[in-house]
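Q: What follows is target-v3.txt, made up of compact mmCIF, C-alpha atoms:
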```txt
# COMPACT_ATOMS: atom_id res chain seq x y z
CA MET K 1 7.59 55.87 30.16
CA ARG K 2 7.20 52.26 31.34
CA SER K 3 4.21 51.74 29.03
CA ALA K 4 6.22 53.00 26.09
CA ILE K 5 8.99 50.52 26.90
CA TRP K 6 6.46 47.68 27.07
CA VAL K 7 5.10 48.65 23.68
CA VAL K 8 8.59 48.56 22.19
CA LEU K 9 9.28 45.16 23.75
CA VAL K 10 6.02 43.72 22.45
CA VAL K 11 6.76 45.01 18.95
CA LEU K 12 10.24 43.50 19.07
CA LEU K 13 8.93 40.15 20.26
CA LEU K 14 6.27 40.05 17.56
CA THR K 15 8.82 41.00 14.95
CA PHE K 16 11.19 38.28 16.16
CA ALA K 17 8.39 35.71 16.11
CA GLY K 18 7.48 36.77 12.60
CA VAL K 19 11.07 36.32 11.44
CA GLN K 20 11.14 32.86 13.02
CA ALA K 21 7.90 31.90 11.27
CA GLN K 22 9.23 33.17 7.95
CA ASP K 23 12.46 31.17 8.40
CA GLU K 24 10.54 27.92 9.01
CA THR K 25 9.63 25.87 5.97
CA VAL K 26 6.29 24.05 6.19
CA ILE K 27 5.65 21.05 3.95
CA GLU K 28 2.63 18.78 3.61
CA TYR K 29 3.05 15.01 3.58
CA TRP K 30 0.07 13.28 2.00
CA ASN K 31 -0.34 9.62 2.92
CA ILE K 32 -2.96 6.94 3.59
CA ASN K 33 -1.80 6.09 7.11
CA ASN K 34 -4.87 6.58 9.26
CA GLU K 35 -5.03 5.77 12.96
CA GLY K 36 -5.51 2.07 12.33
CA PHE K 37 -2.86 1.83 9.62
CA GLY K 38 0.39 3.30 10.85
CA GLY K 39 -0.72 6.80 11.72
CA ALA K 40 1.17 6.73 15.01
CA VAL K 41 4.34 5.59 13.22
CA VAL K 42 4.06 8.46 10.75
CA ASP K 43 3.65 10.94 13.62
CA ALA K 44 6.71 9.52 15.41
CA LEU K 45 8.83 9.68 12.25
CA ILE K 46 7.78 13.27 11.63
CA ALA K 47 8.63 14.24 15.22
CA GLU K 48 12.07 12.67 14.91
CA PHE K 49 12.72 14.38 11.59
CA GLU K 50 11.61 17.78 12.89
CA ALA K 51 13.85 17.42 15.94
CA ALA K 52 16.82 16.88 13.64
CA ASN K 53 15.72 19.64 11.24
CA PRO K 54 14.39 22.50 13.41
CA GLY K 55 13.78 24.76 10.43
CA ILE K 56 11.27 22.36 8.84
CA GLN K 57 7.71 21.58 9.89
CA VAL K 58 5.94 18.57 8.35
CA GLU K 59 2.14 18.43 8.33
CA ALA K 60 0.64 15.00 7.66
CA ARG K 61 -2.50 14.95 5.53
CA VAL K 62 -4.21 11.55 5.63
CA GLN K 63 -6.25 10.50 2.59
CA GLU K 64 -8.97 7.85 2.37
CA SER K 65 -7.33 5.63 -0.24
CA TYR K 66 -4.69 5.60 -2.97
CA PRO K 67 -7.15 6.42 -5.78
CA ALA K 68 -8.69 9.27 -3.78
CA LEU K 69 -5.23 10.54 -2.91
CA VAL K 70 -4.19 10.78 -6.58
CA GLN K 71 -7.43 12.54 -7.50
CA ASN K 72 -7.02 15.03 -4.64
CA VAL K 73 -3.38 15.68 -5.53
CA GLU K 74 -4.41 16.43 -9.09
CA ALA K 75 -7.03 18.90 -7.81
CA GLN K 76 -4.46 20.65 -5.64
CA ILE K 77 -2.06 20.90 -8.57
CA VAL K 78 -4.78 22.51 -10.70
CA ALA K 79 -5.45 24.93 -7.83
CA GLY K 80 -1.78 25.88 -7.77
CA ASN K 81 -1.10 24.46 -4.32
CA PRO K 82 0.49 21.00 -4.70
CA PRO K 83 1.47 19.01 -1.60
CA ALA K 84 5.23 18.72 -1.08
CA VAL K 85 5.61 14.95 -0.59
CA VAL K 86 3.07 12.28 -1.51
CA GLN K 87 2.77 8.52 -1.04
CA ILE K 88 1.72 7.21 -4.44
CA GLY K 89 0.38 3.64 -4.57
CA TRP K 90 2.19 1.43 -7.06
CA PRO K 91 -0.79 0.98 -9.43
CA TYR K 92 -0.85 4.72 -10.08
CA ILE K 93 2.76 5.13 -11.15
CA ASP K 94 1.88 5.18 -14.86
CA TYR K 95 -0.81 7.80 -14.30
CA VAL K 96 1.51 10.07 -12.33
CA TYR K 97 4.32 9.62 -14.84
CA ASN K 98 2.14 10.60 -17.79
CA ASN K 99 -0.21 13.16 -16.26
CA LEU K 100 1.16 14.98 -13.20
CA PRO K 101 4.01 17.52 -12.86
CA TYR K 102 6.22 15.67 -10.37
CA ILE K 103 9.80 16.73 -9.61
CA PRO K 104 12.18 14.05 -10.96
CA VAL K 105 14.71 12.58 -8.56
CA SER K 106 17.48 13.69 -10.91
CA THR K 107 16.32 17.31 -10.55
CA LEU K 108 16.24 17.02 -6.76
CA VAL K 109 19.77 15.58 -6.70
CA GLU K 110 21.06 18.24 -9.06
CA SER K 111 19.56 21.01 -6.91
CA TRP K 112 20.00 19.66 -3.39
CA GLY K 113 22.47 16.75 -3.53
CA GLY K 114 21.98 13.11 -2.63
CA GLU K 115 24.34 11.12 -4.86
CA ASP K 116 25.80 9.20 -1.90
CA TYR K 117 22.30 8.50 -0.58
CA LEU K 118 21.17 7.02 -3.91
CA ALA K 119 24.29 4.87 -4.03
CA THR K 120 23.10 2.92 -0.97
CA PHE K 121 20.18 1.42 -2.94
CA PRO K 122 20.39 -1.59 -5.28
CA GLN K 123 19.79 -0.64 -8.90
CA ASN K 124 16.67 -2.81 -9.10
CA VAL K 125 15.09 -0.81 -6.26
CA LEU K 126 15.90 2.48 -7.98
CA ASP K 127 14.45 1.07 -11.20
CA LEU K 128 11.08 0.46 -9.52
CA THR K 129 10.17 4.12 -10.04
CA ASP K 130 11.76 4.52 -13.47
CA LEU K 131 9.37 4.04 -16.40
CA GLY K 132 11.98 5.04 -18.93
CA GLY K 133 12.40 8.74 -18.24
CA GLY K 134 14.26 8.59 -14.93
CA GLN K 135 13.01 8.10 -11.39
CA ILE K 136 9.76 9.85 -10.57
CA GLY K 137 10.21 9.21 -6.87
CA MET K 138 11.79 6.93 -4.28
CA ALA K 139 10.48 3.43 -3.62
CA TYR K 140 9.28 3.39 -0.01
CA SER K 141 6.86 0.62 0.90
CA LEU K 142 6.71 -2.95 -0.37
CA SER K 143 4.14 -5.40 0.90
CA ASN K 144 2.36 -8.57 -0.11
CA PRO K 145 -0.84 -10.23 1.09
CA VAL K 146 -0.62 -12.85 3.84
CA VAL K 147 -3.34 -14.90 5.52
CA TYR K 148 -3.57 -13.91 9.17
CA TYR K 149 -5.38 -16.44 11.35
CA ASN K 150 -6.53 -16.94 14.91
CA ALA K 151 -4.50 -19.85 16.25
CA GLU K 152 -6.86 -20.35 19.20
CA MET K 153 -9.77 -20.92 16.81
CA PHE K 154 -7.70 -23.58 15.03
CA GLU K 155 -7.14 -25.34 18.33
CA ALA K 156 -10.86 -25.14 19.16
CA ALA K 157 -11.55 -27.01 15.91
CA GLY K 158 -8.95 -29.68 16.69
CA LEU K 159 -6.63 -28.36 13.98
CA ASP K 160 -2.90 -27.77 14.23
CA PRO K 161 -2.19 -24.01 14.18
CA ASP K 162 1.42 -24.75 13.31
CA ASN K 163 0.37 -26.28 9.98
CA PRO K 164 -2.24 -24.11 8.24
CA PRO K 165 -3.24 -24.92 4.65
CA THR K 166 -1.14 -23.60 1.81
CA THR K 167 -3.69 -24.24 -0.96
CA TRP K 168 -7.16 -22.95 -1.71
CA GLU K 169 -8.48 -26.50 -1.70
CA GLY K 170 -6.94 -27.06 1.72
CA TRP K 171 -8.68 -24.03 3.18
CA LEU K 172 -12.04 -25.09 1.74
CA GLU K 173 -11.60 -28.53 3.28
CA ILE K 174 -11.13 -27.29 6.85
CA ALA K 175 -13.54 -24.33 6.67
CA PRO K 176 -16.60 -26.31 7.92
CA LYS K 177 -14.68 -27.50 10.99
CA LEU K 178 -13.50 -23.98 11.79
CA ALA K 179 -17.00 -22.56 11.44
CA GLU K 180 -18.66 -25.28 13.53
CA ALA K 181 -16.15 -24.98 16.36
CA ASN K 182 -16.34 -21.18 16.50
CA ASN K 183 -20.05 -20.41 16.69
CA GLY K 184 -20.54 -20.29 12.95
CA ILE K 185 -18.60 -17.07 12.40
CA PRO K 186 -17.25 -16.44 8.89
CA VAL K 187 -14.01 -18.31 8.37
CA PHE K 188 -12.73 -15.98 5.66
CA ASN K 189 -12.23 -12.25 5.43
CA PHE K 190 -10.57 -10.53 2.47
CA GLY K 191 -9.90 -6.87 3.15
CA TYR K 192 -10.18 -4.98 -0.11
CA GLY K 193 -10.43 -1.49 -1.51
CA SER K 194 -10.99 0.30 -4.78
CA ASP K 195 -7.33 -0.27 -5.65
CA ASN K 196 -8.04 -3.85 -6.91
CA TRP K 197 -5.11 -5.32 -4.95
CA ILE K 198 -6.87 -8.44 -3.65
CA LEU K 199 -8.73 -8.84 -6.94
CA GLN K 200 -5.40 -9.11 -8.74
CA ALA K 201 -4.18 -11.74 -6.29
CA PHE K 202 -7.24 -13.91 -7.01
CA VAL K 203 -7.16 -13.35 -10.78
CA GLU K 204 -3.46 -13.92 -11.35
CA SER K 205 -3.01 -16.76 -8.84
CA ASN K 206 -5.74 -18.56 -10.78
CA GLY K 207 -3.92 -18.13 -14.09
CA GLY K 208 -5.55 -14.92 -15.34
CA ARG K 209 -3.97 -11.56 -16.01
CA MET K 210 -5.14 -8.05 -15.21
CA LEU K 211 -3.32 -6.56 -18.21
CA THR K 212 -1.96 -8.10 -21.41
CA CYS K 213 -0.23 -6.93 -24.57
CA VAL K 214 -2.02 -7.81 -27.82
CA ASP K 215 -0.67 -6.72 -31.24
CA GLY K 216 1.30 -3.89 -29.69
CA GLU K 217 -1.54 -2.46 -27.58
CA TYR K 218 -2.56 -2.98 -23.98
CA ARG K 219 -5.74 -4.90 -23.27
CA THR K 220 -7.11 -6.23 -20.02
CA GLY K 221 -7.24 -9.95 -19.41
CA LEU K 222 -10.18 -9.74 -17.02
CA ASP K 223 -12.55 -11.30 -19.54
CA SER K 224 -10.71 -14.65 -19.48
CA PRO K 225 -12.18 -17.81 -17.92
CA GLU K 226 -9.25 -17.96 -15.50
CA ALA K 227 -9.88 -14.42 -14.24
CA ALA K 228 -13.59 -15.11 -13.82
CA ALA K 229 -12.94 -18.33 -11.90
CA GLY K 230 -10.58 -16.52 -9.56
CA LEU K 231 -13.10 -13.82 -8.66
CA GLN K 232 -15.95 -16.33 -8.50
CA ALA K 233 -14.04 -18.39 -5.93
CA TRP K 234 -14.02 -15.35 -3.67
CA ALA K 235 -17.63 -14.42 -4.45
CA ASP K 236 -18.88 -17.94 -3.72
CA LEU K 237 -17.56 -17.72 -0.16
CA VAL K 238 -19.21 -14.35 0.39
CA LEU K 239 -22.55 -15.44 -1.04
CA ALA K 240 -22.49 -18.61 1.08
CA GLY K 241 -21.85 -16.62 4.25
CA GLN K 242 -18.42 -18.21 4.69
CA SER K 243 -16.64 -14.92 4.16
CA LEU K 244 -17.13 -11.41 5.42
CA ASN K 245 -17.69 -8.86 2.65
CA ALA K 246 -16.04 -5.69 3.87
CA GLY K 247 -13.52 -3.08 2.84
CA TYR K 248 -10.25 -2.57 4.69
CA ASN K 249 -11.64 -0.15 7.28
CA ASP K 250 -14.30 -2.62 8.45
CA ALA K 251 -12.52 -5.90 7.75
CA THR K 252 -9.50 -5.16 9.92
CA PRO K 253 -11.37 -4.42 13.18
CA ALA K 254 -13.65 -7.41 12.55
CA PHE K 255 -10.68 -9.78 12.54
CA ILE K 256 -9.08 -8.06 15.54
CA ALA K 257 -12.36 -8.47 17.45
CA GLY K 258 -12.42 -12.21 16.73
CA GLU K 259 -15.38 -12.00 14.36
CA THR K 260 -13.64 -14.00 11.62
CA VAL K 261 -11.14 -16.86 11.76
CA THR K 262 -8.82 -15.55 9.04
CA TYR K 263 -7.97 -12.26 7.38
CA THR K 264 -6.20 -12.01 4.03
CA TYR K 265 -4.55 -8.63 4.10
CA SER K 266 -1.29 -6.77 3.63
CA ILE K 267 1.77 -7.58 5.73
CA ALA K 268 1.72 -3.82 6.35
CA GLY K 269 -1.21 -4.43 8.68
CA ARG K 270 0.88 -6.68 10.92
CA GLY K 271 1.87 -4.04 13.45
CA ASN K 272 -1.67 -2.85 14.07
CA ILE K 273 -3.16 -6.35 14.13
CA GLN K 274 -0.59 -7.70 16.56
CA ALA K 275 -0.85 -4.66 18.83
CA GLN K 276 -4.63 -4.78 19.11
CA SER K 277 -5.46 -8.49 19.05
CA GLU K 278 -5.91 -10.25 22.38
CA TYR K 279 -5.33 -13.73 20.98
CA ASP K 280 -2.55 -15.67 19.31
CA VAL K 281 -2.27 -14.17 15.81
CA ARG K 282 -0.28 -16.02 13.19
CA ALA K 283 0.04 -15.84 9.43
CA THR K 284 0.70 -18.01 6.42
CA THR K 285 1.19 -17.56 2.70
CA PHE K 286 -1.44 -16.63 0.14
CA PRO K 287 -3.03 -19.93 -1.02
CA GLN K 288 -2.15 -21.69 -4.24
CA PHE K 289 -4.97 -22.42 -6.71
CA GLY K 290 -4.52 -25.88 -8.23
CA ASP K 291 -1.27 -26.16 -10.13
CA ASN K 292 -1.03 -22.45 -10.87
CA PRO K 293 1.93 -20.62 -9.35
CA VAL K 294 1.01 -18.03 -6.75
CA ARG K 295 1.16 -14.51 -8.22
CA ILE K 296 0.53 -11.75 -5.69
CA PRO K 297 0.83 -8.03 -6.36
CA GLY K 298 3.50 -6.11 -4.54
CA GLY K 299 1.67 -3.47 -2.52
CA GLY K 300 2.77 -0.26 -0.94
CA ASN K 301 3.93 3.00 -2.37
CA PHE K 302 6.68 5.32 -3.47
CA LEU K 303 7.40 8.90 -2.42
CA THR K 304 7.14 11.67 -4.99
CA VAL K 305 7.90 15.36 -4.59
CA PHE K 306 5.45 17.85 -6.12
CA ALA K 307 6.60 21.02 -4.34
CA THR K 308 7.33 23.91 -6.69
CA ASP K 309 8.78 26.33 -4.12
CA PRO K 310 12.59 25.82 -3.87
CA ALA K 311 12.65 25.88 -0.06
CA GLN K 312 9.84 23.32 0.07
CA GLN K 313 11.59 21.16 -2.51
CA GLU K 314 14.78 21.09 -0.44
CA ALA K 315 12.83 20.30 2.75
CA ALA K 316 10.78 17.63 0.97
CA TRP K 317 13.89 15.95 -0.42
CA LYS K 318 15.46 15.90 3.07
CA PHE K 319 12.28 14.32 4.44
CA VAL K 320 12.20 11.66 1.70
CA GLN K 321 15.82 10.77 2.44
CA PHE K 322 15.03 10.47 6.15
CA LEU K 323 12.02 8.19 5.58
CA THR K 324 14.09 5.92 3.31
CA SER K 325 17.17 5.83 5.55
CA PRO K 326 18.18 2.70 7.49
CA LYS K 327 16.59 4.17 10.62
CA GLY K 328 13.46 5.25 8.75
CA PHE K 329 12.97 1.85 7.11
CA THR K 330 13.57 0.08 10.43
CA GLU K 331 10.84 2.04 12.20
CA TRP K 332 8.51 1.62 9.21
CA THR K 333 8.95 -2.15 9.15
CA LYS K 334 8.65 -2.58 12.90
CA GLY K 335 5.58 -0.37 13.14
CA LEU K 336 3.65 -1.67 10.14
CA GLY K 337 5.28 -4.66 8.48
CA TYR K 338 6.49 -3.41 5.10
CA VAL K 339 9.53 -5.21 3.72
CA PRO K 340 12.57 -2.87 3.91
CA LEU K 341 14.13 -1.89 0.59
CA LEU K 342 17.70 -1.34 1.75
CA PRO K 343 19.89 -4.47 1.64
CA GLY K 344 21.21 -5.95 4.84
CA LEU K 345 18.77 -4.41 7.31
CA THR K 346 17.11 -7.73 8.16
CA GLU K 347 20.52 -9.26 8.89
CA ASP K 348 21.95 -6.32 10.86
CA PRO K 349 21.43 -6.49 14.66
CA ALA K 350 21.55 -2.69 14.76
CA PHE K 351 18.38 -2.58 12.69
CA LEU K 352 15.99 -5.50 11.98
CA ALA K 353 17.82 -8.79 12.51
CA ASP K 354 16.48 -9.45 16.00
CA PHE K 355 13.02 -8.20 15.16
CA VAL K 356 12.59 -10.49 12.15
CA ALA K 357 14.00 -13.47 14.05
CA GLU K 358 11.42 -12.96 16.79
CA ASN K 359 8.48 -12.23 14.48
CA PRO K 360 7.54 -15.17 12.22
CA ILE K 361 4.69 -13.24 10.61
CA GLN K 362 7.20 -10.81 9.13
CA GLN K 363 9.20 -13.74 7.80
CA VAL K 364 6.13 -15.02 5.92
CA ALA K 365 6.09 -11.88 3.78
CA ILE K 366 9.83 -12.07 3.19
CA ASN K 367 9.50 -15.71 2.10
CA GLN K 368 6.76 -14.74 -0.40
CA LEU K 369 8.87 -12.17 -2.26
CA GLY K 370 9.56 -14.69 -5.03
CA SER K 371 5.82 -14.79 -5.82
CA VAL K 372 5.41 -11.01 -6.01
CA VAL K 373 4.49 -9.40 -9.33
CA ARG K 374 3.92 -5.79 -10.27
CA TRP K 375 0.67 -4.27 -9.01
CA THR K 376 -1.20 -3.53 -12.23
CA SER K 377 -1.23 0.08 -13.35
CA PHE K 378 -3.74 0.70 -16.15
CA PRO K 379 -2.02 2.96 -18.68
CA GLY K 380 -2.94 6.32 -20.09
CA ALA K 381 -4.95 9.33 -19.03
CA ASN K 382 -7.96 7.11 -18.28
CA GLY K 383 -6.05 4.75 -16.00
CA LEU K 384 -7.96 5.75 -12.88
CA ALA K 385 -11.29 5.21 -14.61
CA ALA K 386 -10.14 1.80 -15.84
CA GLY K 387 -9.28 0.78 -12.29
CA ASP K 388 -12.68 1.96 -11.10
CA ALA K 389 -14.37 -0.26 -13.70
CA ALA K 390 -12.54 -3.30 -12.32
CA PHE K 391 -13.57 -2.37 -8.78
CA ARG K 392 -17.23 -2.04 -9.75
CA ALA K 393 -17.06 -5.50 -11.30
CA THR K 394 -15.71 -6.90 -8.03
CA GLN K 395 -18.57 -5.31 -6.11
CA ALA K 396 -21.14 -6.69 -8.55
CA ALA K 397 -19.78 -10.22 -8.23
CA LEU K 398 -19.48 -10.13 -4.43
CA SER K 399 -23.04 -8.86 -4.08
CA GLY K 400 -24.40 -11.54 -6.41
CA GLU K 401 -25.77 -8.91 -8.76
CA LEU K 402 -23.78 -10.56 -11.59
CA THR K 403 -21.65 -13.66 -11.92
CA ALA K 404 -17.93 -12.98 -11.95
CA ALA K 405 -17.82 -13.82 -15.66
CA GLU K 406 -20.62 -11.37 -16.47
CA ALA K 407 -19.18 -8.60 -14.31
CA LEU K 408 -15.64 -8.95 -15.62
CA ALA K 409 -16.75 -9.20 -19.25
CA ALA K 410 -18.59 -5.89 -18.93
CA ALA K 411 -15.63 -4.33 -17.12
CA ALA K 412 -13.20 -5.58 -19.75
CA GLU K 413 -15.21 -3.95 -22.54
CA GLU K 414 -15.17 -0.66 -20.64
CA ILE K 415 -11.50 -0.89 -19.71
CA ASN K 416 -10.37 -1.74 -23.24
CA ALA K 417 -12.19 1.32 -24.56
CA LEU K 418 -10.54 3.49 -21.90
CA ILE K 419 -7.00 2.28 -22.60
CA ALA K 420 -7.35 1.89 -26.37
CA GLY K 421 -4.28 3.00 -28.29
CA GLN K 422 -1.84 2.60 -25.39
CA ALA K 423 1.23 0.99 -26.93
CA CYS K 424 3.09 -1.92 -25.36
CA SER K 425 5.78 -4.41 -26.30
CA GLY K 426 5.86 -8.11 -25.67
```
Can the structure from this file be put into structure tokens for me?
A:
Amino acid sequence: MRSAIWVVLVVLLLTFAGVQAQDETVIEYWNINNEGFGGAVVDALIAEFEAANPGIQVEARVQESYPALVQNVEAQIVAGNPPAVVQIGWPYIDYVYNNLPYIPVSTLVESWGGEDYLATFPQNVLDLTDLGGGQIGMAYSLSNPVVYYNAEMFEAAGLDPDNPPTTWEGWLEIAPKLAEANNGIPVFNFGYGSDNWILQAFVESNGGRMLTCVDGEYRTGLDSPEAAAGLQAWADLVLAGQSLNAGYNDATPAFIAGETVTYTYSIAGRGNIQAQSEYDVRATTFPQFGDNPVRIPGGGNFLTVFATDPAQQEAAWKFVQFLTSPKGFTEWTKGLGYVPLLPGLTEDPAFLADFVAENPIQQVAINQLGSVVRWTSFPGANGLAAGDAAFRATQAALSGELTAAEALAAAAEEINALIAGQACSG
């Protein structure tokens, strides 16, 4: 008799557990925040969201890079299993808009509400994800490149760490002193990836353009003398041993370990760099080239919903609203360094006012916002391939395989064939 009762109890417990599992909605959140780039912040935000929404479970899926993320999302869509929420890097907005079946923000609001939430954002922020057919997601992360530097290495060279150079010429002038005083280590370090973010900063701050409009069609401007000179300035440092040549994943720990004097990288790396460095880390603005105005691409990402299941769509939309809430933006900025996109947070003591006042590195990025331009998104179905051509040109120039002019000329020919027929105005 007792065994029969136990069997009934076990069946009831299993049934109850099954009902609980069925009632819980599981969504995947695809992002690029690995352990060294905000992964802990993502985990903390997910835990806080789940505590407030016990019927929703969020599973983070970290991807290697923005280009790889978009390619993997596309593969999952083809397989019929799209992730619910995805961080899309700004240079891939055109590709997503024209090629992937995202859920428009207007559809999410119509189905699950959110009018009051949208009303808290300035119109120009909402417009960031609108290419003419309505918002394809919510703007989330905005960054720009700053020059981190080791203040103690400045002092060792007899230089004033409170007054770093603001021009390219100024950095070249003090580089020999910095190298000599610090055991000959590379002075420079430009963390880069296949997304062409740092390439654009060099090209456009030297007067070139990644993308132009000629006779109503898009063409790249990478084959201009200005673009070539910008990339060659970077390549010359690498080839002379004055700069490390490494992607983000290797360049960041090298600077943290004191193996380079400077590190030109996203303000979004601030949290990790400050937390792990055992020396006085400071930062200054991206350098000016001659008389050209500084033009630096706005980095970061926006959040797009791809879920097709209604329950997942509702859960995903709740999660997006949480991440882009005043509390969500505050934790995101404190943990990484991204500039918050809701007005007033940096002046409000309840959120970021004290933090920004006590963290001059964060203020550097805020002060540079007037120099930020759109991160180039190559148009059309071949946009990803066009970006890859630019990245291969960068690699060829940095390795010395080709001059910057040769590499960019070949890339421009390939890119223009890939984006041929894409209409533009202006």
Q: Please determine, counting all atoms listed in the file, which residue among K:Gly387, K:Ala357, K:Asp223, K:Ala179 has the shortest atom-to-atom distance to K:Ala410.
A: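 Checking each of K:Gly387, K:Ala357, K:Asp223, K:Ala179 against K:Ala410, counting all atoms listed in the file, the winner is K:Asp223.
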Q: Rounded to one decimal in Å, what is the spacing between atom CA of K:Phe306 and atom CA of K:Ile88?
A: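 Taking atom CA of K:Phe306 and atom CA of K:Ile88, their separation equals 11.4 Å.
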Q: Pick the closest to K:Glu169 from K:Ile361, K:Ala233, K:Arg209, K:Pro343: which is it, counting all atoms listed in the file?
A: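 Comparing K:Ile361, K:Ala233, K:Arg209, K:Pro343 against K:Glu169, the winner is K:Ala233.
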Q: Grab the atom CA of K:Ile27 to atom CA of K:Ala316 distance for me, in Å with one decimal place.
A: 6.8 Å
Q: Go through K:Gln288, K:Gln274, K:Thr262, K:Ser371 one by one, measure the shortest atom-to-atom distance of each to K:Asn182 using all atoms listed in the file, and give the residue with the smallest value.
A: K:Thr262
Q: Of the candidates K:Leu178, K:Tyr140, K:Trp168, K:Trp112, which shows the shortest atom-to-atom distance to K:Gly89, using all atoms listed in the file?
A: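 So, comparing all the options, the nearest one is K:Tyr140.
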Q: Select all residues near (6.5, 0.0, 1.1) (cut-off 9 Å, inclusive, file coordinates), counting all atoms listed in the file, and output them as a ChimeraX atom specification.
A: /K:139-143,268,298-302,332-333,337-341
Q: One decimal, Å: what's the distance from atom CA of K:Glu204 over to atom CA of K:Ile185, could you say?
A: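 Calculated distance between atom CA of K:Glu204 and atom CA of K:Ile185 is 28.3 Å.
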Q: For a quick check of understanding, using all atoms listed in the file, which of K:Leu128, K:Arg282, K:Asp23, K:Ala47 has the smallest distance to K:Asn359?
A: K:Arg282
Q: Using all atoms listed in the file, which of the listed residues (K:Ala181, K:Ala228, K:Val294, K:Cys424) sits closest to K:Leu159?
A: K:Ala181
Q: Might you pull out every residue within 8 Å of K:Pro164, with only C-alpha atoms counted and same-chain residues fewer than 3 positions away left off, and present them as a VMD selection string?
A: chain K and resid 160 to 161 284
Q: Residues within 12 Å of (22.7, -2.2, 3.8), file coordinates, counting only C-alpha atoms: what are they? Give the list as a PyMOL selection string.
A: chain K and resi 117+119-122+324-327+329-330+340-353
Q: Would you mind listing what lies within 8 Å of K:Val281 as a ChimeraX atom specification, with all atoms listed in the file counted and same-chain residues fewer than 2 positions away left out?
A: /K:148-151,274,277,279,283
Q: Give me the residues within 8 Å of K:Leu199 as a list in words, counting all atoms listed in the file and dropping any in the same chain fewer than 5 places off.
A: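 The filter keeps Tyr192, Leu231 and Thr394 of chain K.
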